[in-house]
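Enquirer: I'm passing along my_file-v4.txt; it holds compact mmCIF, C-alpha atoms.
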# COMPACT_ATOMS: atom_id res chain seq x y z
CA MET A 1 -9.49 14.61 -7.15
CA GLN A 2 -10.94 12.95 -4.07
CA SER A 3 -8.60 12.39 -1.10
CA ILE A 4 -9.23 9.63 1.43
CA PRO A 5 -7.39 9.48 4.78
CA VAL A 6 -5.95 5.99 5.44
CA ASP A 7 -5.78 4.45 8.93
CA THR A 8 -2.29 2.91 8.85
CA ALA A 9 -2.97 1.04 12.12
CA ARG A 10 -5.30 -1.22 10.13
CA LEU A 11 -2.74 -1.99 7.40
CA GLY A 12 -0.63 -4.40 9.42
CA VAL A 13 3.15 -4.42 9.03
CA LEU A 14 4.54 -1.81 6.65
CA ARG A 15 7.96 -2.70 5.26
CA CYS A 16 10.16 -0.80 2.81
CA ALA A 17 10.33 -2.74 -0.48
CA ILE A 18 12.29 -0.15 -2.48
CA ALA A 19 14.38 2.51 -0.75
CA PRO A 20 13.48 6.19 -1.27
CA GLU A 21 13.91 7.47 -4.82
CA ALA A 22 13.42 10.97 -6.19
CA LYS A 23 10.18 11.19 -8.20
CA LEU A 24 10.93 12.42 -11.70
CA THR A 25 8.65 14.65 -13.76
CA ASN A 26 10.76 13.98 -16.85
CA PRO A 27 12.90 10.82 -17.02
CA ASP A 28 14.77 12.16 -20.06
CA THR A 29 16.05 15.27 -18.26
CA GLN A 30 16.06 13.70 -14.77
CA GLU A 31 13.98 16.65 -13.52
CA VAL A 32 12.74 15.99 -9.98
CA LYS A 33 9.09 16.68 -9.16
CA ARG A 34 8.48 19.40 -6.57
CA ASP A 35 5.56 20.00 -4.22
CA ARG A 36 3.68 23.30 -3.91
CA ASP A 37 6.34 24.64 -1.52
CA GLY A 38 9.20 23.76 -3.88
CA ASN A 39 10.41 20.73 -1.91
CA PRO A 40 11.55 17.67 -3.91
CA VAL A 41 9.11 14.75 -3.91
CA TRP A 42 10.41 11.27 -3.10
CA THR A 43 8.70 7.89 -3.37
CA VAL A 44 9.05 4.80 -1.23
CA ALA A 45 7.62 1.42 -2.23
CA VAL A 46 6.08 -0.19 0.85
CA THR A 47 4.70 -3.69 1.34
CA VAL A 48 1.38 -4.05 3.14
CA ARG A 49 0.14 -7.31 4.61
CA GLN A 50 -3.13 -7.49 6.50
CA ASP A 51 -4.38 -10.49 8.44
CA ARG A 52 -2.29 -13.13 6.65
CA ARG A 53 -3.51 -11.95 3.26
CA ARG A 54 -1.31 -11.61 0.20
CA ILE A 55 1.29 -8.89 0.25
CA SER A 56 0.50 -5.74 -1.71
CA VAL A 57 3.04 -3.10 -2.69
CA ILE A 58 2.05 0.56 -2.71
CA GLU A 59 4.22 3.48 -3.78
CA ILE A 60 3.98 6.40 -1.38
CA ALA A 61 5.04 9.97 -2.27
CA VAL A 62 6.46 12.23 0.44
CA SER A 63 7.95 15.75 0.38
CA GLY A 64 11.64 15.78 1.19
CA GLN A 65 14.01 12.82 1.30
CA PRO A 66 13.10 10.27 3.99
CA LYS A 67 16.14 9.57 6.18
CA GLY A 68 17.38 6.26 7.54
CA ILE A 69 15.12 4.00 5.47
CA GLU A 70 16.54 0.84 3.93
CA GLU A 71 14.97 -1.99 1.98
CA GLY A 72 13.47 -4.66 4.23
CA GLN A 73 13.06 -2.31 7.17
CA ILE A 74 9.75 -1.84 8.98
CA VAL A 75 8.58 1.75 8.57
CA ARG A 76 6.05 4.10 10.13
CA VAL A 77 3.88 6.10 7.72
CA THR A 78 2.34 9.29 9.10
CA GLY A 79 -0.59 11.13 7.50
CA LEU A 80 -1.24 8.64 4.70
CA THR A 81 -3.83 9.76 2.16
CA ALA A 82 -5.12 7.93 -0.93
CA PHE A 83 -6.09 9.88 -4.05
CA MET A 84 -8.36 8.53 -6.76
CA TRP A 85 -7.31 9.73 -10.22
CA ALA A 86 -8.37 9.33 -13.85
CA MET A 87 -6.73 10.44 -17.10
CA GLY A 88 -8.67 9.50 -20.18
CA ASP A 89 -9.32 5.76 -20.01
CA ARG A 90 -6.65 5.26 -17.30
CA HIS A 91 -7.44 5.42 -13.60
CA GLY A 92 -5.96 4.38 -10.28
CA VAL A 93 -5.08 5.25 -6.72
CA SER A 94 -2.04 7.25 -5.63
CA PHE A 95 -0.72 7.52 -2.08
CA ARG A 96 0.88 10.47 -0.31
CA ALA A 97 2.17 10.76 3.27
CA ASP A 98 3.32 13.53 5.56
CA ALA A 99 6.33 11.43 6.62
CA ILE A 100 7.89 7.97 6.34
CA THR A 101 10.31 7.05 9.11
CA PRO A 102 12.08 3.88 10.27
CA GLU A 103 10.23 2.01 13.02
CA ARG A 104 12.54 2.10 16.01
CA GLY A 105 13.34 -1.05 17.95
CA THR A 106 12.46 -3.48 15.16
CA PRO A 107 15.00 -5.75 13.52
CA MET A 108 15.65 -5.20 9.84
CA GLN A 109 15.28 -8.32 7.72
CA GLY A 110 16.96 -8.79 4.38
CA LYS A 111 15.22 -8.50 1.05
CA GLY A 112 12.65 -11.19 0.51
CA GLY A 113 11.87 -11.57 4.22
CA ASP A 114 8.34 -11.87 5.56
CA ALA A 115 6.29 -8.73 5.70
Using the file provided, produce a representation of the structure as structure tokens.
Expert:
Amino acid sequence: MQSIPVDTARLGVLRCAIAPEAKLTNPDTQEVKRDRDGNPVWTVAVTVRQDRRRISVIEIAVSGQPKGIEEGQIVRVTGLTAFMWAMGDRHGVSFRADAITPERGTPMQGKGGDA
């Protein structure tokens, strides 16, 4: 699997679209996915809007529960990496970060606000 570092400074405003949720390995048993060190993996859906383009939503995985993140809030993503994957005839891009934290000093807008 090829990993590609992502320059978040070029992504524009990053805003939480869906608050942190535990990533499940098995929805039937509610088993939470764990990283290599045994930490639970969480996901945060983040909106990305570059240069007045359409808004895209990416789901970012992070080890450990991100604290203080609410929907609509501007966030800082540290150590973002994209991974290309393929399984049979399915393929896509997954995202992982070292940390996702609230951006300090920025007003939080309600759901449906501009990104």
Enquirer: In Å, with one decimal, what is the gap from CA of Met87 in chain A to CA of Arg34 in chain A?
Expert: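 Atom-to-atom, CA of Met87 in chain A to CA of Arg34 in chain A, that is 20.6 Å.
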Enquirer: Which is closest to Ala97 in chain A among A:Val44, A:Ala9, A:Leu80, A:Ile74, if we use all atoms listed in the file?
Expert: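 Smallest distance to Ala97 in chain A is found for A:Leu80.
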Enquirer: Range 62-73 of chain A: which residues within 7 Å, counting all atoms listed in the file, same-chain residues fewer than 6 positions away excluded, as number ranges by chain?
Expert: A: 15-20, 35, 39-43, 96-102, 108-111
Enquirer: Between CA of Asp37 in chain A and CA of Met84 in chain A, what is the distance in Å, rounded to a tenth?
Expert: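 Going from CA of Asp37 in chain A over to CA of Met84 in chain A covers 22.4 Å.
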